[in-house]
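A.B. asks: Sharing run_22.txt below, compact mmCIF, N, CA and C atoms:
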# COMPACT_ATOMS: atom_id res chain seq x y z
N MET A 29 44.55 62.43 88.80
CA MET A 29 45.38 63.22 89.66
C MET A 29 44.81 64.63 89.75
N ASN A 30 44.76 65.17 90.95
CA ASN A 30 44.19 66.48 91.18
C ASN A 30 45.32 67.52 91.19
N THR A 31 45.34 68.39 90.16
CA THR A 31 46.41 69.39 90.05
C THR A 31 46.26 70.52 91.06
N PHE A 32 45.09 70.65 91.67
CA PHE A 32 44.89 71.72 92.65
C PHE A 32 45.71 71.49 93.92
N ARG A 33 46.13 70.25 94.17
CA ARG A 33 46.97 69.98 95.34
C ARG A 33 48.35 70.58 95.17
N PHE A 34 48.80 70.76 93.96
CA PHE A 34 50.15 71.25 93.71
C PHE A 34 50.23 72.78 93.72
N ILE A 35 49.11 73.46 93.60
CA ILE A 35 49.11 74.92 93.57
C ILE A 35 49.69 75.52 94.85
N PRO A 36 49.30 75.04 96.06
CA PRO A 36 49.92 75.61 97.27
C PRO A 36 51.44 75.43 97.28
N LEU A 37 51.91 74.31 96.77
CA LEU A 37 53.36 74.08 96.72
C LEU A 37 54.03 75.04 95.76
N LEU A 38 53.41 75.30 94.63
CA LEU A 38 53.97 76.25 93.66
C LEU A 38 54.00 77.66 94.24
N VAL A 39 52.93 78.05 94.91
CA VAL A 39 52.87 79.38 95.52
C VAL A 39 53.93 79.51 96.61
N ALA A 40 54.06 78.49 97.45
CA ALA A 40 55.06 78.52 98.52
C ALA A 40 56.46 78.60 97.94
N GLY A 41 56.72 77.87 96.88
CA GLY A 41 58.03 77.91 96.23
C GLY A 41 58.32 79.28 95.62
N ALA A 42 57.33 79.88 95.00
CA ALA A 42 57.52 81.20 94.40
C ALA A 42 57.79 82.24 95.48
N LEU A 43 57.08 82.16 96.60
CA LEU A 43 57.30 83.10 97.70
C LEU A 43 58.69 82.93 98.29
N ALA A 44 59.15 81.70 98.42
CA ALA A 44 60.49 81.46 98.96
C ALA A 44 61.55 82.05 98.05
N LEU A 45 61.39 81.92 96.75
CA LEU A 45 62.36 82.47 95.81
C LEU A 45 62.36 83.99 95.83
N SER A 46 61.19 84.60 95.95
CA SER A 46 61.13 86.05 95.95
C SER A 46 61.66 86.64 97.25
N ALA A 47 61.76 85.85 98.31
CA ALA A 47 62.25 86.35 99.59
C ALA A 47 63.77 86.36 99.67
N VAL A 48 64.45 85.76 98.69
CA VAL A 48 65.91 85.74 98.68
C VAL A 48 66.41 87.15 98.36
N PRO A 49 67.19 87.77 99.26
CA PRO A 49 67.64 89.14 99.02
C PRO A 49 68.66 89.20 97.89
N ALA A 50 68.63 90.31 97.16
CA ALA A 50 69.62 90.52 96.12
C ALA A 50 70.96 90.80 96.78
N SER A 51 72.03 90.49 96.09
CA SER A 51 73.37 90.73 96.62
C SER A 51 73.56 92.23 96.85
N ALA A 52 73.95 92.57 98.05
CA ALA A 52 74.11 93.99 98.40
C ALA A 52 75.42 94.52 97.83
N ALA A 53 75.40 95.78 97.46
CA ALA A 53 76.60 96.44 96.95
C ALA A 53 77.57 96.71 98.11
N THR A 54 78.85 96.63 97.84
CA THR A 54 79.88 96.97 98.81
C THR A 54 80.00 98.48 98.86
N THR A 55 80.08 99.05 100.07
CA THR A 55 80.17 100.50 100.22
C THR A 55 81.63 100.95 100.23
N LEU A 56 81.91 101.96 99.43
CA LEU A 56 83.21 102.63 99.40
C LEU A 56 82.98 104.05 99.91
N ASP A 57 83.91 104.56 100.71
CA ASP A 57 83.77 105.90 101.27
C ASP A 57 84.75 106.84 100.60
N GLY A 58 84.22 107.95 100.11
CA GLY A 58 85.05 108.97 99.48
C GLY A 58 84.89 110.30 100.18
N THR A 59 85.92 111.12 100.11
CA THR A 59 85.85 112.49 100.60
C THR A 59 86.49 113.40 99.58
N VAL A 60 86.04 114.64 99.57
CA VAL A 60 86.66 115.67 98.74
C VAL A 60 86.63 116.96 99.54
N GLY A 61 87.81 117.59 99.68
CA GLY A 61 87.94 118.82 100.47
C GLY A 61 88.05 118.50 101.94
N PRO A 62 88.14 119.55 102.79
CA PRO A 62 87.94 120.95 102.47
C PRO A 62 89.15 121.57 101.75
N GLY A 63 90.35 121.04 101.95
CA GLY A 63 91.52 121.51 101.20
C GLY A 63 91.54 120.84 99.85
N PHE A 64 92.73 120.66 99.31
CA PHE A 64 92.88 120.02 98.00
C PHE A 64 93.19 118.54 98.19
N THR A 65 92.23 117.83 98.81
CA THR A 65 92.39 116.41 99.08
C THR A 65 91.19 115.63 98.57
N MET A 66 91.47 114.38 98.15
CA MET A 66 90.43 113.43 97.75
C MET A 66 90.83 112.07 98.28
N THR A 67 89.86 111.31 98.74
CA THR A 67 90.15 109.95 99.20
C THR A 67 89.10 108.98 98.69
N LEU A 68 89.47 107.71 98.68
CA LEU A 68 88.53 106.62 98.43
C LEU A 68 89.01 105.45 99.28
N THR A 69 88.16 105.02 100.23
CA THR A 69 88.54 103.95 101.14
C THR A 69 87.46 102.88 101.20
N LYS A 70 87.90 101.71 101.62
CA LYS A 70 87.00 100.57 101.87
C LYS A 70 87.41 100.02 103.23
N GLY A 71 86.53 100.11 104.19
CA GLY A 71 86.85 99.64 105.53
C GLY A 71 88.02 100.38 106.16
N GLY A 72 88.16 101.66 105.81
CA GLY A 72 89.22 102.49 106.38
C GLY A 72 90.56 102.40 105.66
N LYS A 73 90.68 101.57 104.63
CA LYS A 73 91.93 101.41 103.89
C LYS A 73 91.80 102.01 102.49
N ASN A 74 92.85 102.66 102.02
CA ASN A 74 92.83 103.25 100.67
C ASN A 74 92.56 102.18 99.63
N VAL A 75 91.70 102.52 98.67
CA VAL A 75 91.36 101.59 97.59
C VAL A 75 92.40 101.71 96.47
N THR A 76 93.02 100.58 96.15
CA THR A 76 93.94 100.52 95.00
C THR A 76 93.47 99.48 94.00
N SER A 77 92.75 98.46 94.48
CA SER A 77 92.21 97.44 93.58
C SER A 77 90.93 96.86 94.18
N LEU A 78 90.03 96.46 93.28
CA LEU A 78 88.75 95.88 93.66
C LEU A 78 88.41 94.74 92.71
N LYS A 79 87.50 93.91 93.11
CA LYS A 79 86.94 92.88 92.23
C LYS A 79 85.76 93.49 91.49
N ALA A 80 85.51 93.02 90.28
CA ALA A 80 84.36 93.50 89.51
C ALA A 80 83.08 93.23 90.30
N GLY A 81 82.13 94.17 90.21
CA GLY A 81 80.87 93.99 90.90
C GLY A 81 80.19 95.30 91.21
N SER A 82 79.21 95.23 92.09
CA SER A 82 78.39 96.38 92.43
C SER A 82 78.95 97.09 93.67
N TYR A 83 79.11 98.41 93.57
CA TYR A 83 79.67 99.22 94.65
C TYR A 83 78.84 100.48 94.84
N THR A 84 78.66 100.86 96.10
CA THR A 84 78.03 102.13 96.42
C THR A 84 79.12 103.10 96.85
N PHE A 85 79.27 104.18 96.11
CA PHE A 85 80.21 105.24 96.44
C PHE A 85 79.46 106.23 97.32
N ARG A 86 79.88 106.34 98.59
CA ARG A 86 79.30 107.31 99.53
C ARG A 86 80.34 108.41 99.71
N VAL A 87 80.05 109.58 99.18
CA VAL A 87 81.04 110.65 99.14
C VAL A 87 80.61 111.82 100.03
N VAL A 88 81.51 112.21 100.90
CA VAL A 88 81.32 113.39 101.74
C VAL A 88 82.08 114.53 101.08
N ASP A 89 81.33 115.49 100.58
CA ASP A 89 81.90 116.66 99.91
C ASP A 89 81.97 117.78 100.93
N LYS A 90 83.21 118.20 101.26
CA LYS A 90 83.41 119.18 102.32
C LYS A 90 83.74 120.58 101.80
N SER A 91 83.55 120.80 100.49
CA SER A 91 83.87 122.11 99.93
C SER A 91 83.02 122.40 98.70
N ALA A 92 82.47 123.58 98.64
CA ALA A 92 81.69 123.99 97.48
C ALA A 92 82.59 124.26 96.26
N ALA A 93 83.90 124.25 96.45
CA ALA A 93 84.83 124.49 95.34
C ALA A 93 85.25 123.21 94.63
N HIS A 94 84.80 122.06 95.14
CA HIS A 94 85.22 120.78 94.57
C HIS A 94 84.01 119.92 94.20
N ASN A 95 84.24 118.97 93.31
CA ASN A 95 83.25 117.93 93.03
C ASN A 95 83.97 116.59 93.05
N TYR A 96 83.23 115.50 92.91
CA TYR A 96 83.79 114.15 92.93
C TYR A 96 83.22 113.42 91.72
N VAL A 97 84.10 113.09 90.79
CA VAL A 97 83.69 112.49 89.51
C VAL A 97 84.39 111.15 89.35
N LEU A 98 83.67 110.16 88.83
CA LEU A 98 84.21 108.82 88.58
C LEU A 98 84.15 108.53 87.09
N THR A 99 85.23 107.96 86.56
CA THR A 99 85.25 107.57 85.16
C THR A 99 86.04 106.27 84.99
N GLY A 100 85.64 105.46 84.03
CA GLY A 100 86.30 104.18 83.76
C GLY A 100 85.44 103.36 82.81
N PRO A 101 85.78 102.08 82.63
CA PRO A 101 85.03 101.23 81.70
C PRO A 101 83.53 101.21 82.01
N GLY A 102 82.73 101.70 81.08
CA GLY A 102 81.28 101.71 81.23
C GLY A 102 80.74 102.89 82.03
N ILE A 103 81.62 103.72 82.59
CA ILE A 103 81.20 104.90 83.37
C ILE A 103 81.97 106.09 82.84
N LYS A 104 81.26 107.03 82.24
CA LYS A 104 81.93 108.20 81.65
C LYS A 104 81.61 109.45 82.46
N ASP A 105 82.61 109.92 83.19
CA ASP A 105 82.52 111.19 83.92
C ASP A 105 81.24 111.30 84.76
N LYS A 106 81.02 110.30 85.61
CA LYS A 106 79.85 110.26 86.49
C LYS A 106 80.09 111.18 87.68
N GLU A 107 79.35 112.31 87.73
CA GLU A 107 79.50 113.25 88.83
C GLU A 107 78.71 112.74 90.04
N ILE A 108 79.43 112.43 91.11
CA ILE A 108 78.78 111.95 92.33
C ILE A 108 78.37 113.13 93.20
N THR A 109 79.26 114.11 93.37
CA THR A 109 78.89 115.35 94.04
C THR A 109 79.23 116.51 93.12
N GLY A 110 78.47 117.59 93.24
CA GLY A 110 78.68 118.77 92.41
C GLY A 110 79.51 119.82 93.12
N LEU A 111 79.68 120.94 92.46
CA LEU A 111 80.49 122.02 93.03
C LEU A 111 79.80 122.70 94.20
N ALA A 112 78.50 122.67 94.26
CA ALA A 112 77.79 123.27 95.40
C ALA A 112 76.44 122.58 95.51
N PRO A 113 75.84 122.42 96.59
CA PRO A 113 76.32 122.76 97.92
C PRO A 113 77.14 121.62 98.51
N VAL A 114 77.73 121.88 99.67
CA VAL A 114 78.45 120.84 100.41
C VAL A 114 77.42 119.80 100.84
N ALA A 115 77.71 118.52 100.60
CA ALA A 115 76.72 117.49 100.91
C ALA A 115 77.37 116.11 100.94
N THR A 116 76.61 115.14 101.40
CA THR A 116 76.99 113.73 101.32
C THR A 116 76.03 113.08 100.34
N LYS A 117 76.59 112.41 99.34
CA LYS A 117 75.75 111.75 98.34
C LYS A 117 76.26 110.33 98.10
N SER A 118 75.35 109.48 97.66
CA SER A 118 75.70 108.09 97.35
C SER A 118 75.19 107.73 95.98
N VAL A 119 75.95 106.90 95.29
CA VAL A 119 75.54 106.38 93.99
C VAL A 119 76.07 104.95 93.90
N THR A 120 75.23 104.05 93.36
CA THR A 120 75.63 102.66 93.19
C THR A 120 75.90 102.40 91.71
N VAL A 121 77.07 101.81 91.44
CA VAL A 121 77.48 101.53 90.08
C VAL A 121 78.03 100.10 90.00
N THR A 122 78.07 99.57 88.79
CA THR A 122 78.69 98.28 88.54
C THR A 122 80.05 98.53 87.91
N LEU A 123 81.09 98.06 88.58
CA LEU A 123 82.44 98.24 88.07
C LEU A 123 82.86 97.00 87.28
N LYS A 124 83.43 97.24 86.11
CA LYS A 124 83.92 96.17 85.24
C LYS A 124 85.44 96.16 85.29
N LYS A 125 86.05 95.14 84.73
CA LYS A 125 87.51 95.06 84.71
C LYS A 125 88.10 96.27 84.00
N GLY A 126 89.17 96.81 84.58
CA GLY A 126 89.86 97.94 83.97
C GLY A 126 90.35 98.91 85.02
N THR A 127 90.76 100.09 84.56
CA THR A 127 91.26 101.13 85.45
C THR A 127 90.24 102.26 85.54
N TYR A 128 89.99 102.70 86.75
CA TYR A 128 89.06 103.79 87.02
C TYR A 128 89.82 104.96 87.64
N MET A 129 89.26 106.14 87.44
CA MET A 129 89.84 107.34 88.01
C MET A 129 88.74 108.16 88.67
N TYR A 130 89.05 108.76 89.79
CA TYR A 130 88.14 109.71 90.42
C TYR A 130 88.90 111.04 90.51
N TYR A 131 88.18 112.14 90.32
CA TYR A 131 88.85 113.43 90.26
C TYR A 131 87.89 114.57 90.56
N CYS A 132 88.47 115.74 90.79
CA CYS A 132 87.74 116.99 90.94
C CYS A 132 87.92 117.74 89.62
N THR A 133 86.83 118.06 88.96
CA THR A 133 86.91 118.67 87.63
C THR A 133 87.75 119.95 87.59
N PRO A 134 87.51 120.94 88.47
CA PRO A 134 88.29 122.17 88.37
C PRO A 134 89.77 122.00 88.73
N HIS A 135 90.11 120.94 89.46
CA HIS A 135 91.49 120.75 89.93
C HIS A 135 92.03 119.37 89.54
N LYS A 136 91.66 118.90 88.37
CA LYS A 136 91.97 117.53 87.93
C LYS A 136 93.46 117.22 87.94
N SER A 137 94.30 118.20 87.66
CA SER A 137 95.74 117.92 87.60
C SER A 137 96.33 117.61 88.98
N SER A 138 95.69 118.07 90.05
CA SER A 138 96.24 117.84 91.39
C SER A 138 95.31 117.05 92.32
N MET A 139 94.04 116.95 91.97
CA MET A 139 93.09 116.24 92.82
C MET A 139 92.50 115.06 92.06
N MET A 140 93.17 113.91 92.18
CA MET A 140 92.70 112.72 91.50
C MET A 140 93.30 111.48 92.15
N GLY A 141 92.69 110.37 91.85
CA GLY A 141 93.18 109.08 92.30
C GLY A 141 92.71 108.04 91.31
N SER A 142 93.25 106.82 91.45
CA SER A 142 92.84 105.74 90.54
C SER A 142 92.90 104.41 91.25
N PHE A 143 92.22 103.43 90.66
CA PHE A 143 92.23 102.06 91.16
C PHE A 143 91.94 101.12 90.01
N THR A 144 92.31 99.86 90.16
CA THR A 144 92.06 98.87 89.12
C THR A 144 90.99 97.88 89.60
N VAL A 145 90.27 97.35 88.63
CA VAL A 145 89.24 96.36 88.92
C VAL A 145 89.59 95.11 88.12
N SER A 146 89.60 93.97 88.82
CA SER A 146 89.92 92.70 88.15
C SER A 146 88.77 91.73 88.22
Written as structure tokens, that's how I'd like the structure from this file.

C.D. replies:
Amino acid sequence: MNTFRFIPLLVAGALALSAVPASAATTLDGTVGPGFTMTLTKGGKNVTSLKAGSYTFRVVDKSAAHNYVLTGPGIKDKEITGLAPVATKSVTVTLKKGTYMYYCTPHKSSMMGSFTVS
């Protein structure tokens, strides 16, 4: 039996497997400012619960006086946007089961939200 006949099949199989795209992260949209407001939405609806998995937080920071921070199981005080400059930033994270909170550090008592992951 000639093993060289099987090499093209192995190469074709390896190429087919490598062409399979990785599962894309779900995008969540957040805003902070310009007043004392913070939001987190998915498809235009406020986020209150999510399934465990990979998510891209795309945050529009509309004020140099605020930041957008995420904390929860496996994520400790992850700053997505800083206090300055005003910008749009994205970060992809893996959310595990539990409760998460997003907040503005200087105004944490009044600018925060939370959601659960199951």

A.B. asks: Do you have the atom C of Ser142 of chain A-atom CA of Val119 of chain A distance handy?

C.D. replies: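 Separation between atom C of Ser142 of chain A and atom CA of Val119 of chain A: 17.7 Å.
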
A.B. asks: Point out the residue among A:Val87, A:Ala112, A:Leu56, A:Cys132 with the least atom-to-atom distance to Lys70 of chain A, counting only C-alpha atoms.

C.D. replies: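 Answer, going by the shortest atom-to-atom distance: A:Leu56.
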
A.B. asks: Considering only C-alpha atoms, return as a PDB file with N, CA and C atoms, in the coordinates of the input whatever protein or nucleic-acid residues lie within 6 Å of Val145 of chain A, sequence-local ones (same chain, fewer than 2 positions apart) excluded.

C.D. replies:
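result-v6.pdb, freshly written:
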ATOM      1  N   SER A  77      92.750  98.460  94.480  1.00  0.00           N
ATOM      2  CA  SER A  77      92.210  97.440  93.580  1.00  0.00           C
ATOM      3  C   SER A  77      90.930  96.860  94.180  1.00  0.00           C
ATOM      4  N   LEU A  78      90.030  96.460  93.280  1.00  0.00           N
ATOM      5  CA  LEU A  78      88.750  95.880  93.660  1.00  0.00           C
ATOM      6  C   LEU A  78      88.410  94.740  92.710  1.00  0.00           C
ATOM      7  N   LYS A  79      87.500  93.910  93.110  1.00  0.00           N
ATOM      8  CA  LYS A  79      86.940  92.880  92.230  1.00  0.00           C
ATOM      9  C   LYS A  79      85.760  93.490  91.490  1.00  0.00           C
ATOM     10  N   ALA A  80      85.510  93.020  90.280  1.00  0.00           N
ATOM     11  CA  ALA A  80      84.360  93.500  89.510  1.00  0.00           C
ATOM     12  C   ALA A  80      83.080  93.230  90.300  1.00  0.00           C
ATOM     13  N   LYS A 125      86.050  95.140  84.730  1.00  0.00           N
ATOM     14  CA  LYS A 125      87.510  95.060  84.710  1.00  0.00           C
ATOM     15  C   LYS A 125      88.100  96.270  84.000  1.00  0.00           C
ATOM     16  N   GLY A 126      89.170  96.810  84.580  1.00  0.00           N
ATOM     17  CA  GLY A 126      89.860  97.940  83.970  1.00  0.00           C
ATOM     18  C   GLY A 126      90.350  98.910  85.020  1.00  0.00           C
TER      19      GLY A 126
END

A.B. asks: List every residue of chain A that DSSP, applied to the backbone of this structure, assigns to alpha helix (DSSP H), and report them as number ranges by chain.

C.D. replies: A: 35-46

A.B. asks: Using only N, CA and C atoms for the distances, tell me which of A:Val88, A:Lys124, A:Ser82, A:Thr116 is nearest to Pro101 of chain A.

C.D. replies: A:Lys124

A.B. asks: Name all residues at most 12 Å from Leu68 of chain A (count only C-alpha atoms; drop same-chain ones fewer than 3 positions away) and give them as a ChimeraX atom specification.

C.D. replies: /A:55-60,65,71-78,84-88,96-98,128-131,140-143

A.B. asks: Would you export the selected residues with N, CA and C atoms as a short mmCIF file (atom, residue, chain, number, x, y, z; two decimals), in the frame of the given file, please?

C.D. replies:
data_model
loop_
_atom_site.label_atom_id
_atom_site.label_comp_id
_atom_site.auth_asym_id
_atom_site.auth_seq_id
_atom_site.Cartn_x
_atom_site.Cartn_y
_atom_site.Cartn_z
N THR A 55 80.08 99.05 100.07
CA THR A 55 80.17 100.50 100.22
C THR A 55 81.63 100.95 100.23
N LEU A 56 81.91 101.96 99.43
CA LEU A 56 83.21 102.63 99.40
C LEU A 56 82.98 104.05 99.91
N ASP A 57 83.91 104.56 100.71
CA ASP A 57 83.77 105.90 101.27
C ASP A 57 84.75 106.84 100.60
N GLY A 58 84.22 107.95 100.11
CA GLY A 58 85.05 108.97 99.48
C GLY A 58 84.89 110.30 100.18
N THR A 59 85.92 111.12 100.11
CA THR A 59 85.85 112.49 100.60
C THR A 59 86.49 113.40 99.58
N VAL A 60 86.04 114.64 99.57
CA VAL A 60 86.66 115.67 98.74
C VAL A 60 86.63 116.96 99.54
N THR A 65 92.23 117.83 98.81
CA THR A 65 92.39 116.41 99.08
C THR A 65 91.19 115.63 98.57
N GLY A 71 86.53 100.11 104.19
CA GLY A 71 86.85 99.64 105.53
C GLY A 71 88.02 100.38 106.16
N GLY A 72 88.16 101.66 105.81
CA GLY A 72 89.22 102.49 106.38
C GLY A 72 90.56 102.40 105.66
N LYS A 73 90.68 101.57 104.63
CA LYS A 73 91.93 101.41 103.89
C LYS A 73 91.80 102.01 102.49
N ASN A 74 92.85 102.66 102.02
CA ASN A 74 92.83 103.25 100.67
C ASN A 74 92.56 102.18 99.63
N VAL A 75 91.70 102.52 98.67
CA VAL A 75 91.36 101.59 97.59
C VAL A 75 92.40 101.71 96.47
N THR A 76 93.02 100.58 96.15
CA THR A 76 93.94 100.52 95.00
C THR A 76 93.47 99.48 94.00
N SER A 77 92.75 98.46 94.48
CA SER A 77 92.21 97.44 93.58
C SER A 77 90.93 96.86 94.18
N LEU A 78 90.03 96.46 93.28
CA LEU A 78 88.75 95.88 93.66
C LEU A 78 88.41 94.74 92.71
N THR A 84 78.66 100.86 96.10
CA THR A 84 78.03 102.13 96.42
C THR A 84 79.12 103.10 96.85
N PHE A 85 79.27 104.18 96.11
CA PHE A 85 80.21 105.24 96.44
C PHE A 85 79.46 106.23 97.32
N ARG A 86 79.88 106.34 98.59
CA ARG A 86 79.30 107.31 99.53
C ARG A 86 80.34 108.41 99.71
N VAL A 87 80.05 109.58 99.18
CA VAL A 87 81.04 110.65 99.14
C VAL A 87 80.61 111.82 100.03
N VAL A 88 81.51 112.21 100.90
CA VAL A 88 81.32 113.39 101.74
C VAL A 88 82.08 114.53 101.08
N TYR A 96 83.23 115.50 92.91
CA TYR A 96 83.79 114.15 92.93
C TYR A 96 83.22 113.42 91.72
N VAL A 97 84.10 113.09 90.79
CA VAL A 97 83.69 112.49 89.51
C VAL A 97 84.39 111.15 89.35
N LEU A 98 83.67 110.16 88.83
CA LEU A 98 84.21 108.82 88.58
C LEU A 98 84.15 108.53 87.09
N TYR A 128 89.99 102.70 86.75
CA TYR A 128 89.06 103.79 87.02
C TYR A 128 89.82 104.96 87.64
N MET A 129 89.26 106.14 87.44
CA MET A 129 89.84 107.34 88.01
C MET A 129 88.74 108.16 88.67
N TYR A 130 89.05 108.76 89.79
CA TYR A 130 88.14 109.71 90.42
C TYR A 130 88.90 111.04 90.51
N TYR A 131 88.18 112.14 90.32
CA TYR A 131 88.85 113.43 90.26
C TYR A 131 87.89 114.57 90.56
N MET A 140 93.17 113.91 92.18
CA MET A 140 92.70 112.72 91.50
C MET A 140 93.30 111.48 92.15
N GLY A 141 92.69 110.37 91.85
CA GLY A 141 93.18 109.08 92.30
C GLY A 141 92.71 108.04 91.31
N SER A 142 93.25 106.82 91.45
CA SER A 142 92.84 105.74 90.54
C SER A 142 92.90 104.41 91.25
N PHE A 143 92.22 103.43 90.66
CA PHE A 143 92.23 102.06 91.16
C PHE A 143 91.94 101.12 90.01
#

A.B. asks: Could you tell me how far atom N of Glu107 of chain A lies from atom CA of Asn95 of chain A, in Å and to one decimal?

C.D. replies: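 We find that atom N of Glu107 of chain A and atom CA of Asn95 of chain A lie 8.7 Å from each other.
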
A.B. asks: My list of candidates is A:Ala115, A:Ile103, A:Leu123, A:Ala52. Which is closest to Asp89 of chain A when distances are computed with only C-alpha atoms?

C.D. replies: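 For Asp89 of chain A, the nearest of the given residues is A:Ala115.
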
A.B. asks: Given only C-alpha atoms as the basis, pick out the residue of A:Ser91, A:Thr69, A:Ser146, A:Ser138 nearest to Thr109 of chain A.

C.D. replies: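 Closest residue, counting only C-alpha atoms: A:Ser91.
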
A.B. asks: Please return as a ChimeraX atom specification: the residues of segment 62-97 of chain A that backbone DSSP assigns to strand (DSSP E).

C.D. replies: /A:66-70,73-74,77-78,81-89,96-97

A.B. asks: Next, the residues of the selection above should be written as a CSV table (one decimal), in the frame of the given file with N, CA and C atoms.

C.D. replies:
chain,number,residue,atom,x,y,z
A,66,MET,N,91.5,114.4,98.2
A,66,MET,CA,90.4,113.4,97.8
A,66,MET,C,90.8,112.1,98.3
A,67,THR,N,89.9,111.3,98.7
A,67,THR,CA,90.2,110.0,99.2
A,67,THR,C,89.1,109.0,98.7
A,68,LEU,N,89.5,107.7,98.7
A,68,LEU,CA,88.5,106.6,98.4
A,68,LEU,C,89.0,105.4,99.3
A,69,THR,N,88.2,105.0,100.2
A,69,THR,CA,88.5,104.0,101.1
A,69,THR,C,87.5,102.9,101.2
A,70,LYS,N,87.9,101.7,101.6
A,70,LYS,CA,87.0,100.6,101.9
A,70,LYS,C,87.4,100.0,103.2
A,73,LYS,N,90.7,101.6,104.6
A,73,LYS,CA,91.9,101.4,103.9
A,73,LYS,C,91.8,102.0,102.5
A,74,ASN,N,92.8,102.7,102.0
A,74,ASN,CA,92.8,103.2,100.7
A,74,ASN,C,92.6,102.2,99.6
A,77,SER,N,92.8,98.5,94.5
A,77,SER,CA,92.2,97.4,93.6
A,77,SER,C,90.9,96.9,94.2
A,78,LEU,N,90.0,96.5,93.3
A,78,LEU,CA,88.8,95.9,93.7
A,78,LEU,C,88.4,94.7,92.7
A,81,GLY,N,82.1,94.2,90.2
A,81,GLY,CA,80.9,94.0,90.9
A,81,GLY,C,80.2,95.3,91.2
A,82,SER,N,79.2,95.2,92.1
A,82,SER,CA,78.4,96.4,92.4
A,82,SER,C,79.0,97.1,93.7
A,83,TYR,N,79.1,98.4,93.6
A,83,TYR,CA,79.7,99.2,94.6
A,83,TYR,C,78.8,100.5,94.8
A,84,THR,N,78.7,100.9,96.1
A,84,THR,CA,78.0,102.1,96.4
A,84,THR,C,79.1,103.1,96.8
A,85,PHE,N,79.3,104.2,96.1
A,85,PHE,CA,80.2,105.2,96.4
A,85,PHE,C,79.5,106.2,97.3
A,86,ARG,N,79.9,106.3,98.6
A,86,ARG,CA,79.3,107.3,99.5
A,86,ARG,C,80.3,108.4,99.7
A,87,VAL,N,80.0,109.6,99.2
A,87,VAL,CA,81.0,110.6,99.1
A,87,VAL,C,80.6,111.8,100.0
A,88,VAL,N,81.5,112.2,100.9
A,88,VAL,CA,81.3,113.4,101.7
A,88,VAL,C,82.1,114.5,101.1
A,89,ASP,N,81.3,115.5,100.6
A,89,ASP,CA,81.9,116.7,99.9
A,89,ASP,C,82.0,117.8,100.9
A,96,TYR,N,83.2,115.5,92.9
A,96,TYR,CA,83.8,114.2,92.9
A,96,TYR,C,83.2,113.4,91.7
A,97,VAL,N,84.1,113.1,90.8
A,97,VAL,CA,83.7,112.5,89.5
A,97,VAL,C,84.4,111.2,89.4

A.B. asks: In Å, with one decimal, what is the gap from atom CA of Pro62 of chain A to atom CA of Pro134 of chain A?

C.D. replies: 14.2 Å

A.B. asks: Considering all atoms listed in the file, state which residue in the set A:Gly110, A:Gly81, A:Gly102, A:Gly63 is at the smallest distance from Thr122 of chain A.

C.D. replies: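 For Thr122 of chain A, the nearest of the given residues is A:Gly81.
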